[in-house]
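Before any comments, here is the structure.
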Protein chains: 2
Amino acid sequence: MSTPPAFDAAFAGQFAELLRWRRDVRRFRRDQVPAELIETLLAQVELSPSVGHSQPWRWLSIMEPGQRAAVQASFRRCNAEALTAYEGDRAALYARLKLEGLQEAPVQFAVFCDHATERGHGLGRLTMPEMLDYSVVAAITQFWLAARIHGLGVGWVSILEPAEIAAALDTSPDWKLIAYLCVGWPTEECDVPELVRAGWETR
Amino acid sequence: MSTPPAFDAAFAGQFAELLRWRRDVRRFRRDQVPAELIETLLAQVELSPSVGHSQPWRWLSIMEPGQRAAVQASFRRCNAEALTAYEGDRAALYARLKLEGLQEAPVQFAVFCDHATERGHGLGRLTMPEMLDYSVVAAITQFWLAARIHGLGVGWVSILEPAEIAAALDTSPDWKLIAYLCVGWPTEECDVPELVRAGWETR
């Protein structure tokens, strides 16, 4: 064990800026991301909190064109279905939103929770079994912040049918899809969420 | 919109240290925490990512002794039940673990997800409705890191019966309990998770 770090006011201020400028990114440049940078970020994610120290996150890097096409097809189907839930101006606005960067993002991850893991020995999950999934969400949140420090944008795509993604990736039935992430260099930086700028929701 | 911040290598290094030294804390000093600090942290949490910009987190500060006693009673019941799931050495080890700081932590929050919120207009939740809960987990994760920057420890207690907590706090049936958080000054700092030090799980 080394000496605990002390974080000064300058660091606290920069961290606050990090939270303010983290965005859900849907507009990416196609430039590659160094593999070492992604490895560094994934290593940091291993330090995320998890119930019973179960570390149930499973990150699958999705590179294969057929798998990426299947994800895009699932998005198109789900997004068309979602559109039918809106009417009038709200429907017109929804149709104009750009909700994912699946075509452009150079790095993409399907992130699963391994419900079959024996790590953690069930601690903390008897009355709240959803804690295992929440542990994966915490890891994704930390990845998101760590990526932004390096200028990398992350977009979380949830307009997908988890069963279709699992089938396309041939994952274990014990793995639950938590997130599909697009990662890459954003085309712009902004401190206002895109859904606010587009008029979908107020600040 | 102001100028996007640039984060240098020094900040990236300190952030990595923050991830390494964040802990799930169960041992607190009883010293008070300045209310302004908690307010600052909660304000930062408002900037957390949320599906459709729904911001569904509801933070309830739990101060009333009767409510705290009800939470402790729920923990004792659930923890006794959890113990029965283990045998032999594992049961003996479980019985020795300190899994919460409910008696000592000066600040405590029950954090809920408001399933009745109309914010976000349902965007991103049709095929993955659990995204609303995940948004609250992301906010908690950011709170956890922000607190640690100021030396504050956070412990997430999940060995509770959500229905008992909701009854004790008289919350809306639309609110789902995501976490019960103990917050305060930790008695020690360590870069190794307590469950690892106790031999419950490997690194």
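For the structure tokens, the naming scheme is as follows: chains receive sequential letters (A, B, ...) according to their order of presentation, residues are indexed from 1 within each chain, and ligands are indexed from 1 in presentation order.
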
Contacts between chain A and chain B, please, where a residue of chain B counts if it comes within 6 Å (with only C-alpha atoms); show its shortest atom pair and distance in Å to one decimal, rows by chain and ascending number, as CSV.
residue,atom,partner,partner_atom,distance
B:Phe7,CA,A:Ile149,CA,5.6
B:Gly124,CA,A:Ile159,CA,5.4
B:Thr127,CA,A:Glu161,CA,5.9
B:Ala138,CA,A:Thr141,CA,5.7
B:Thr141,CA,A:Ala138,CA,5.7
B:Ile149,CA,A:Phe7,CA,5.6
B:Ser158,CA,A:Gly124,CA,5.5
B:Ile159,CA,A:Gly124,CA,5.4
B:Glu161,CA,A:Thr127,CA,5.9

*Long-range neighbours of Arg29 of chain B as a ChimeraX atom specification, 12 Å cut-off, only C-alpha atoms, 6 positions minimum in chain*: /B:101-107,152-153,182-188

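Put simply, atom CA of Thr84 of chain A is 20.3 Å away from atom CA of Thr117 of chain B.
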
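For the pair atom CA of Thr171 of chain B and atom CA of Lys176 of chain A, the interatomic distance is 29.7 Å.
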
*asked:* Which of segment 122-192 of chain B end up as helix (DSSP H, G or I) when DSSP is run on this backbone - answer as a PyMOL selection string?
replied: chain B and resi 131-149+162-169

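The gap separating atom CA of Asp114 of chain B from atom CA of Ala35 of chain B is 24.6 Å, in Å to one decimal.
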